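Novice: Can you keep this structure in mind? I'll have questions shortly.
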Amino acid sequence: MSEVVALVVLAACLAAAVARPRWAPDWAVAAGGGALLVAVGVLSLSEARSAVKALGPTVGFLAALLVLADGCRRAGMFDALGAWMATGSRGRPARLLAMVFVSAACTTAVLSLDATVVLLTPIVFATAARLRTNPRPHVYACSHLANSASLLLPVSNLTNLLAFRATGLSFTRFGGLMALPWLLALLIEWLILRRSFAGDLRRSGPRADRPTDHPELPAFALTVVALTLAGFALSSLIGIAPVWIAAAGALALALRERPAPRELAGAAEPAFLVFVLGLGIVVHAASVHGLSTAVDDLLPHGTGLGALLAVAAISAAVANLLNNLPATLIILPVAAVSGPGAVLAMLVGVNVGPNLTYVGSLATLLWRRIVHAHDHETDMGEFTRLGALTVPPVLVASTVALWLALRVI
Amino acid sequence: MRAVVWISEDTWEGCVDRARALLPEDAEVTLLHVAPTDVEEFAAGGAARLLGRHPPPPPGPPLRAIAEEEARALLEVALARFSRPAQTDARRGRIEREVLDACAGADLLILARDGEPHLGPKSLGPRTRFAVDHAPCQVLLVWPEDPPSIDTIRLPPHLR
């Protein structure tokens with residue numbers, strides 16, 4: 001009975017997050033669901049407390065990173081990136097695509113997938129449109145790299161952040177092991193996108209008949225981000241948890257930009273932090289009441305190449321069904337038993353997999369189909385075809401590279 | 001004769017030049033541009049995939065405003081380059097459907113190849129090919145630059 005209750009509450013949380021009903025915000029459903037599971041005795045209070053304790057530092061880290069990315073936006077970093085791409089591309093779409101790759105890969109790796117999706121992609125659209133070139137290849141590249149380029153660092157994706165503690169790896173070793181998988185993912189994305197959009201990218205002559213803006217380079221914000229990264233790399237040497245370094249970076253930008261306290265609090269997305277904590281409790285309840293056993297039966301053990309490939313493929317499938325955040329929470333406890341290699345393979349799956357659906361999961365896609373049933377303007381067939389071309393080779397190549405890295409480093 | 005000249009970002013100059021050279025003086029000409037709303041929606045609506053996150057909309061003008069402004073500007077420079085009286089038609093939506101709708105009542109659609117720069121089927125992108133295959137009027141398909149030479153054909157082995 002307990003397992004049914006836990007699974008129903010989990011389904012309700014995911015449904016609220018996908019459908020976003022006004023009368024039942026996702027964070028309230030997740031927090032209420034967690035409380036309900038404790039109230040009816042599915043989860044003991046101490047179990048719930050330990051689940052919150054386990055997630056607490058991750059959620060704090062996440063809040064600091066969100067504020068850091070928002071500080072970069074406030075400092076004009078993304079406008080500067082747009083201007084850099086506009087000038088550097090010299091009106092050539094293929095050159096612009098290369099610059100979008102560099103921008104999106106760096107933004108995702110350092111400031112996370114969210115920053116690329118929410119802040120960089122609209123800038124890329126505007127830049128391409130103002131250069132009078134078809135923005136389709138550039139926007140697609142941005143969207144793909146938000147996922148594929150989020151393999152590199154613990155801060156590149158919320159999924160990595162959730163799994164980072166469970167790997168027991170230092171920040172630098174995590175990055176070291178994921179460097180080759182990340183580079184291969186970028187290379188494959190480049191080759192396939194370049195080829196798929198060959199026609200759109202062939203124009204060679206410059207066509208800048210309008211001056212582009214030259215916003216001032218946000219030197220302070222860039223320095224803060226560089227120092228924060230250096231701090232992450234040195235965190236295990238100097239014995240400071242990366243969360244404090246992220247907090248220091250976020251604080252430095254906040255002191256400089258001095259946003260209104262309300263805006264600063266909003267940038268940390270408190271509702272989302274509550275959602276993650278609530279969802280963590282609910283998934284924990286579902287896990288101890290049978291979900292873990294089910295995942296355990298499904299997931300191969302060990303860190304051989306075959307096992308890693310299977311873990312990546314299964315994780316990609318679950319991420320595509322549910323979205324990668326719940327997929328990570330569900331698979332992580334089981335994968336962690338096999339060690340850091342299996343956790344990193346899971347991350348390859350949950351990070352790269354969502355490129356198959358532009359909305360992140362089949363659940364969201366189905367929901368949007370229902371809501372927009374009469375609206376013929378959303379045709380995502382092309383994006384799905386592109387995902388089907390890139391996801392399998394990136395999954396395989398990145399996992400093989402991870403397996404190699406685990407043996408060599 | 002009523003002619004529609006389909007202008008798009010990457011090929012408009014060649015398309016306009018050839019239309020001017022080939023169309024009779026008395027033709028009633030409409031320069032057409034279609035802004036694809038799917039890319040726009042895609043660039044703006046990515047937040048849907050961030051489960052549970054509700055980020056504020058990004059600063060700056062909405063993407064629709066940028067797209068509309070750029071479409072207007074493109075039609076303006078195209079009209080100037082055409083240097084003959086013509087109407088302009090700025091549309092938004094699914095490119096394939098809008099182009100066909102714009103051809104209703106027209107005698108001729110002029111459009112440019114937008115694919116790879118050698119002779120063969122790949123010289124047409126998917127949307128141009130759709131328009132060529134489905135246009136409810138005569139179609140004039142032009143090369144935006146000088147046509148490639150005959151040796152750019154990639155023939156299958158049995159025809160070489």
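Identifiers in this document derive from the order of the structure tokens: chains are assigned A, B, ..., residues are numbered from 1 separately in each chain, and ligands are numbered from 1 in order of occurrence.
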Taking only C-alpha atoms into account, which residues of chain A are within 7 Å of chain B, as a list in words?

Specialist: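 In the required form, that comes to Ala17, Val18, Asp26, Val117, Val118, Leu119, Thr121, Pro122, Phe125, Ala126, Ala129, Arg130, Arg132, Thr133, Asn134, Arg136, Val139, Ala198, Gly199, Asp200, Arg203, Phe272, Phe275, Val359, Gly360, Glu377, Thr378 and Asp379 of chain A.
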
Novice: Skip Ala105 (chain A) itself and residues of its chain fewer than 3 positions away, then list as JSON, numbers by chain all residues within 9 Å of it, counting only C-alpha atoms.

Specialist: {"A": [100, 101, 102, 108, 109, 110, 116, 142, 145, 146, 148, 149, 150, 186]}

Novice: Give me every alpha helix (DSSP H) residue in region 103-147 of chain A, going by DSSP on the backbone, as JSON, numbers by chain.

Specialist: {"A": [103, 104, 105, 106, 107, 108, 109, 110, 111, 113, 114, 115, 121, 122, 123, 124, 125, 126, 127, 128, 129, 130, 136, 137, 138, 139, 140, 141, 142, 143, 144, 145, 146, 147]}

Novice: Save the residues we just selected, N, CA and C atoms, as an mmCIF file, in the first residue's frame?

Specialist:
data_model
loop_
_atom_site.group_PDB
_atom_site.id
_atom_site.type_symbol
_atom_site.label_atom_id
_atom_site.label_comp_id
_atom_site.auth_asym_id
_atom_site.auth_seq_id
_atom_site.Cartn_x
_atom_site.Cartn_y
_atom_site.Cartn_z
ATOM 1 N N SER A 103 30.308 29.737 -27.549
ATOM 2 C CA SER A 103 29.553 30.447 -26.505
ATOM 3 C C SER A 103 28.680 29.489 -25.711
ATOM 4 N N ALA A 104 27.956 28.627 -26.429
ATOM 5 C CA ALA A 104 27.011 27.743 -25.752
ATOM 6 C C ALA A 104 27.757 26.689 -24.934
ATOM 7 N N ALA A 105 28.886 26.189 -25.477
ATOM 8 C CA ALA A 105 29.640 25.171 -24.739
ATOM 9 C C ALA A 105 30.188 25.774 -23.440
ATOM 10 N N CYS A 106 30.724 26.992 -23.513
ATOM 11 C CA CYS A 106 31.298 27.620 -22.314
ATOM 12 C C CYS A 106 30.198 28.031 -21.338
ATOM 13 N N THR A 107 29.129 28.656 -21.858
ATOM 14 C CA THR A 107 28.038 29.086 -20.969
ATOM 15 C C THR A 107 27.462 27.893 -20.226
ATOM 16 N N THR A 108 27.203 26.808 -20.972
ATOM 17 C CA THR A 108 26.616 25.634 -20.333
ATOM 18 C C THR A 108 27.565 25.049 -19.300
ATOM 19 N N ALA A 109 28.826 24.862 -19.691
ATOM 20 C CA ALA A 109 29.772 24.217 -18.787
ATOM 21 C C ALA A 109 29.940 25.027 -17.504
ATOM 22 N N VAL A 110 30.016 26.346 -17.620
ATOM 23 C CA VAL A 110 30.358 27.170 -16.458
ATOM 24 C C VAL A 110 29.114 27.659 -15.709
ATOM 25 N N LEU A 111 28.102 28.111 -16.457
ATOM 26 C CA LEU A 111 26.931 28.718 -15.801
ATOM 27 C C LEU A 111 25.693 27.830 -15.855
ATOM 28 N N LEU A 113 23.180 24.627 -17.851
ATOM 29 C CA LEU A 113 22.190 24.470 -18.925
ATOM 30 C C LEU A 113 21.121 25.562 -18.870
ATOM 31 N N ASP A 114 20.664 25.886 -17.670
ATOM 32 C CA ASP A 114 19.595 26.888 -17.532
ATOM 33 C C ASP A 114 19.993 28.207 -18.176
ATOM 34 N N ALA A 115 21.240 28.623 -17.958
ATOM 35 C CA ALA A 115 21.697 29.906 -18.500
ATOM 36 C C ALA A 115 21.664 29.871 -20.026
ATOM 37 N N THR A 121 20.053 31.514 -25.567
ATOM 38 C CA THR A 121 19.318 31.177 -26.799
ATOM 39 C C THR A 121 18.582 32.377 -27.404
ATOM 40 N N PRO A 122 17.848 33.175 -26.607
ATOM 41 C CA PRO A 122 17.203 34.356 -27.206
ATOM 42 C C PRO A 122 18.210 35.336 -27.812
ATOM 43 N N ILE A 123 19.383 35.455 -27.176
ATOM 44 C CA ILE A 123 20.417 36.350 -27.712
ATOM 45 C C ILE A 123 20.926 35.831 -29.057
ATOM 46 N N VAL A 124 21.080 34.507 -29.145
ATOM 47 C CA VAL A 124 21.553 33.909 -30.398
ATOM 48 C C VAL A 124 20.526 34.140 -31.509
ATOM 49 N N PHE A 125 19.245 33.973 -31.168
ATOM 50 C CA PHE A 125 18.186 34.226 -32.160
ATOM 51 C C PHE A 125 18.272 35.664 -32.658
ATOM 52 N N ALA A 126 18.368 36.603 -31.722
ATOM 53 C CA ALA A 126 18.395 38.019 -32.098
ATOM 54 C C ALA A 126 19.637 38.330 -32.933
ATOM 55 N N THR A 127 20.785 37.738 -32.549
ATOM 56 C CA THR A 127 22.023 38.003 -33.282
ATOM 57 C C THR A 127 21.917 37.509 -34.716
ATOM 58 N N ALA A 128 21.432 36.283 -34.889
ATOM 59 C CA ALA A 128 21.321 35.724 -36.241
ATOM 60 C C ALA A 128 20.326 36.544 -37.067
ATOM 61 N N ALA A 129 19.193 36.907 -36.441
ATOM 62 C CA ALA A 129 18.179 37.663 -37.178
ATOM 63 C C ALA A 129 18.749 39.004 -37.627
ATOM 64 N N ARG A 130 19.511 39.667 -36.752
ATOM 65 C CA ARG A 130 20.045 40.983 -37.110
ATOM 66 C C ARG A 130 21.152 40.891 -38.143
ATOM 67 N N ARG A 136 17.733 29.366 -37.722
ATOM 68 C CA ARG A 136 17.395 27.988 -37.354
ATOM 69 C C ARG A 136 18.602 27.159 -36.904
ATOM 70 N N PRO A 137 19.687 27.073 -37.723
ATOM 71 C CA PRO A 137 20.802 26.223 -37.273
ATOM 72 C C PRO A 137 21.397 26.694 -35.942
ATOM 73 N N HIS A 138 21.445 28.002 -35.745
ATOM 74 C CA HIS A 138 22.096 28.542 -34.554
ATOM 75 C C HIS A 138 21.274 28.306 -33.295
ATOM 76 N N VAL A 139 19.955 28.469 -33.449
ATOM 77 C CA VAL A 139 19.077 28.220 -32.300
ATOM 78 C C VAL A 139 19.066 26.730 -31.947
ATOM 79 N N TYR A 140 19.037 25.883 -32.973
ATOM 80 C CA TYR A 140 19.072 24.440 -32.714
ATOM 81 C C TYR A 140 20.383 24.051 -32.023
ATOM 82 N N ALA A 141 21.483 24.649 -32.484
ATOM 83 C CA ALA A 141 22.781 24.323 -31.892
ATOM 84 C C ALA A 141 22.782 24.679 -30.410
ATOM 85 N N CYS A 142 22.274 25.860 -30.103
ATOM 86 C CA CYS A 142 22.202 26.317 -28.721
ATOM 87 C C CYS A 142 21.419 25.327 -27.869
ATOM 88 N N SER A 143 20.283 24.941 -28.407
ATOM 89 C CA SER A 143 19.399 24.054 -27.667
ATOM 90 C C SER A 143 20.049 22.683 -27.454
ATOM 91 N N HIS A 144 20.741 22.186 -28.481
ATOM 92 C CA HIS A 144 21.408 20.889 -28.343
ATOM 93 C C HIS A 144 22.556 20.962 -27.351
ATOM 94 N N LEU A 145 23.351 22.033 -27.447
ATOM 95 C CA LEU A 145 24.524 22.120 -26.580
ATOM 96 C C LEU A 145 24.141 22.352 -25.122
ATOM 97 N N ALA A 146 22.972 22.956 -24.892
ATOM 98 C CA ALA A 146 22.529 23.118 -23.506
ATOM 99 C C ALA A 146 22.500 21.752 -22.824
ATOM 100 N N ASN A 147 22.175 20.710 -23.587
ATOM 101 C CA ASN A 147 22.199 19.360 -23.026
ATOM 102 C C ASN A 147 23.571 18.706 -23.165
#

Novice: If we count only C-alpha atoms, what is near His118 (chain B) at a cut-off of 7 Å, once residues fewer than 4 positions away on the same chain are taken out, given as a list in words?

Specialist: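 Returned residues: Ser123, Pro148, Thr152 and Ile153 of chain B.
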
Novice: Print the selection's residues with N, CA and C atoms to a file, as an mmCIF file, in the first residue's frame.

Specialist:
data_model
loop_
_atom_site.group_PDB
_atom_site.id
_atom_site.type_symbol
_atom_site.label_atom_id
_atom_site.label_comp_id
_atom_site.auth_asym_id
_atom_site.auth_seq_id
_atom_site.Cartn_x
_atom_site.Cartn_y
_atom_site.Cartn_z
ATOM 1 N N SER B 123 20.374 21.003 -54.097
ATOM 2 C CA SER B 123 20.453 22.458 -54.247
ATOM 3 C C SER B 123 19.173 23.127 -53.750
ATOM 4 N N PRO B 148 25.977 26.888 -61.132
ATOM 5 C CA PRO B 148 27.244 26.147 -61.108
ATOM 6 C C PRO B 148 27.455 25.454 -62.451
ATOM 7 N N THR B 152 29.704 20.138 -61.720
ATOM 8 C CA THR B 152 29.398 20.005 -60.292
ATOM 9 C C THR B 152 28.348 18.921 -60.053
ATOM 10 N N ILE B 153 27.841 18.310 -61.141
ATOM 11 C CA ILE B 153 26.849 17.243 -60.959
ATOM 12 C C ILE B 153 27.526 16.038 -60.330
#

Novice: What's around Arg154 (chain B) at 8 Å? Count only C-alpha atoms, leave out sequence neighbours fewer than 3 positions away in its own chain, and write the answer as a list in words.

Specialist: Leu119, Gly120 and Asp151 of chain B

Novice: How would the residues just chosen look if you wrote them out with N, CA and C atoms as a CSV table (one decimal), in the first residue's frame?

Specialist:
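Saved to result-v7.csv:
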chain,number,residue,atom,x,y,z
B,119,LEU,N,24.9,21.4,-58.8
B,119,LEU,CA,23.7,20.9,-59.5
B,119,LEU,C,23.3,19.6,-58.9
B,120,GLY,N,22.0,19.5,-58.7
B,120,GLY,CA,21.4,18.2,-58.1
B,120,GLY,C,20.3,18.5,-57.2
B,151,ASP,N,30.1,20.4,-64.4
B,151,ASP,CA,30.9,19.3,-63.7
B,151,ASP,C,30.6,19.3,-62.2

Novice: Identify, on the basis of only C-alpha atoms, every residue whose closest approach to Leu162 (chain A) does not exceed 9 Å; exclude the query and any residue fewer than 6 positions from it along the same chain; express the result as a list of chain:residue names.

Specialist: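 Non-adjacent residues within range: A:Leu55, A:Thr58, A:Val59, A:Pro154, A:Leu325, A:Thr328, A:Leu329, A:Leu332.
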
Novice: Can you write just those residues out, N, CA and C atoms, as a compact mmCIF listing (two decimals), in the first residue's frame?

Specialist:
# COMPACT_ATOMS: atom_id res chain seq x y z
N LEU A 55 20.00 16.48 0.65
CA LEU A 55 19.80 17.37 -0.51
C LEU A 55 20.16 18.82 -0.19
N THR A 58 23.19 20.56 -1.74
CA THR A 58 23.03 20.65 -3.20
C THR A 58 22.09 21.80 -3.55
N VAL A 59 21.00 21.92 -2.80
CA VAL A 59 20.03 22.98 -3.07
C VAL A 59 20.66 24.36 -2.80
N PRO A 154 30.55 19.61 -12.43
CA PRO A 154 29.42 19.42 -11.52
C PRO A 154 28.41 20.57 -11.59
N LEU A 325 15.44 15.58 -14.32
CA LEU A 325 15.55 15.80 -12.87
C LEU A 325 15.00 14.63 -12.06
N THR A 328 17.17 11.49 -12.57
CA THR A 328 18.39 11.46 -11.78
C THR A 328 18.09 11.03 -10.35
N LEU A 329 17.05 11.63 -9.75
CA LEU A 329 16.72 11.30 -8.36
C LEU A 329 16.37 9.82 -8.23
N LEU A 332 19.86 7.59 -9.35
CA LEU A 332 21.11 7.86 -8.62
C LEU A 332 21.40 6.88 -7.48

Novice: What is the CA of Leu151 (chain A) to CA of Ser235 (chain A) distance in Å?

Specialist: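 So the two atoms, CA of Leu151 (chain A) and CA of Ser235 (chain A), lie 19.6 Å apart.
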
Novice: I'd like the neighbourhood of Gly14 (chain B) as a ChimeraX atom specification, where a residue qualifies if any of its atoms comes within 8 Å (using only C-alpha atoms), though same-chain residues fewer than 4 positions away should be ignored.

Specialist: /B:18,112,143-145

Novice: Okay, now the selection with N, CA and C atoms, as a compact mmCIF listing (two decimals), in the first residue's frame?

Specialist:
# COMPACT_ATOMS: atom_id res chain seq x y z
N ARG B 18 17.38 38.57 -60.31
CA ARG B 18 16.87 37.76 -61.42
C ARG B 18 15.41 38.05 -61.70
N ALA B 112 14.32 31.24 -55.01
CA ALA B 112 15.73 30.92 -55.25
C ALA B 112 16.08 29.58 -54.62
N TRP B 143 18.85 30.45 -59.59
CA TRP B 143 20.05 30.33 -58.75
C TRP B 143 20.35 31.71 -58.17
N PRO B 144 20.63 31.80 -56.88
CA PRO B 144 20.90 33.11 -56.30
C PRO B 144 22.22 33.70 -56.81
N GLU B 145 23.15 32.83 -57.22
CA GLU B 145 24.38 33.31 -57.85
C GLU B 145 24.36 32.75 -59.28

Novice: Could you check which of A:Ala265, A:Leu406, A:Ile238, A:Ala285 is closest to Ala250 (chain A), using only C-alpha atoms?

Specialist: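 Closest candidate: A:Ala265.
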
Novice: So the first atom is CA of Thr357 (chain A) and the second is CA of Ala28 (chain A); what is the distance between them in Å, to one decimal place?

Specialist: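 Taking CA of Thr357 (chain A) as the start and CA of Ala28 (chain A) as the end point, the length is 26.8 Å.
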
Novice: Need to verify the contact set: Ala80 (chain B), 12 Å, only C-alpha atoms, exclusion of same-chain residues closer than 4 positions in sequence. Can you return it as a PyMOL selection string?

Specialist: chain B and resi 13+16-17+20+31+73-76+84-88
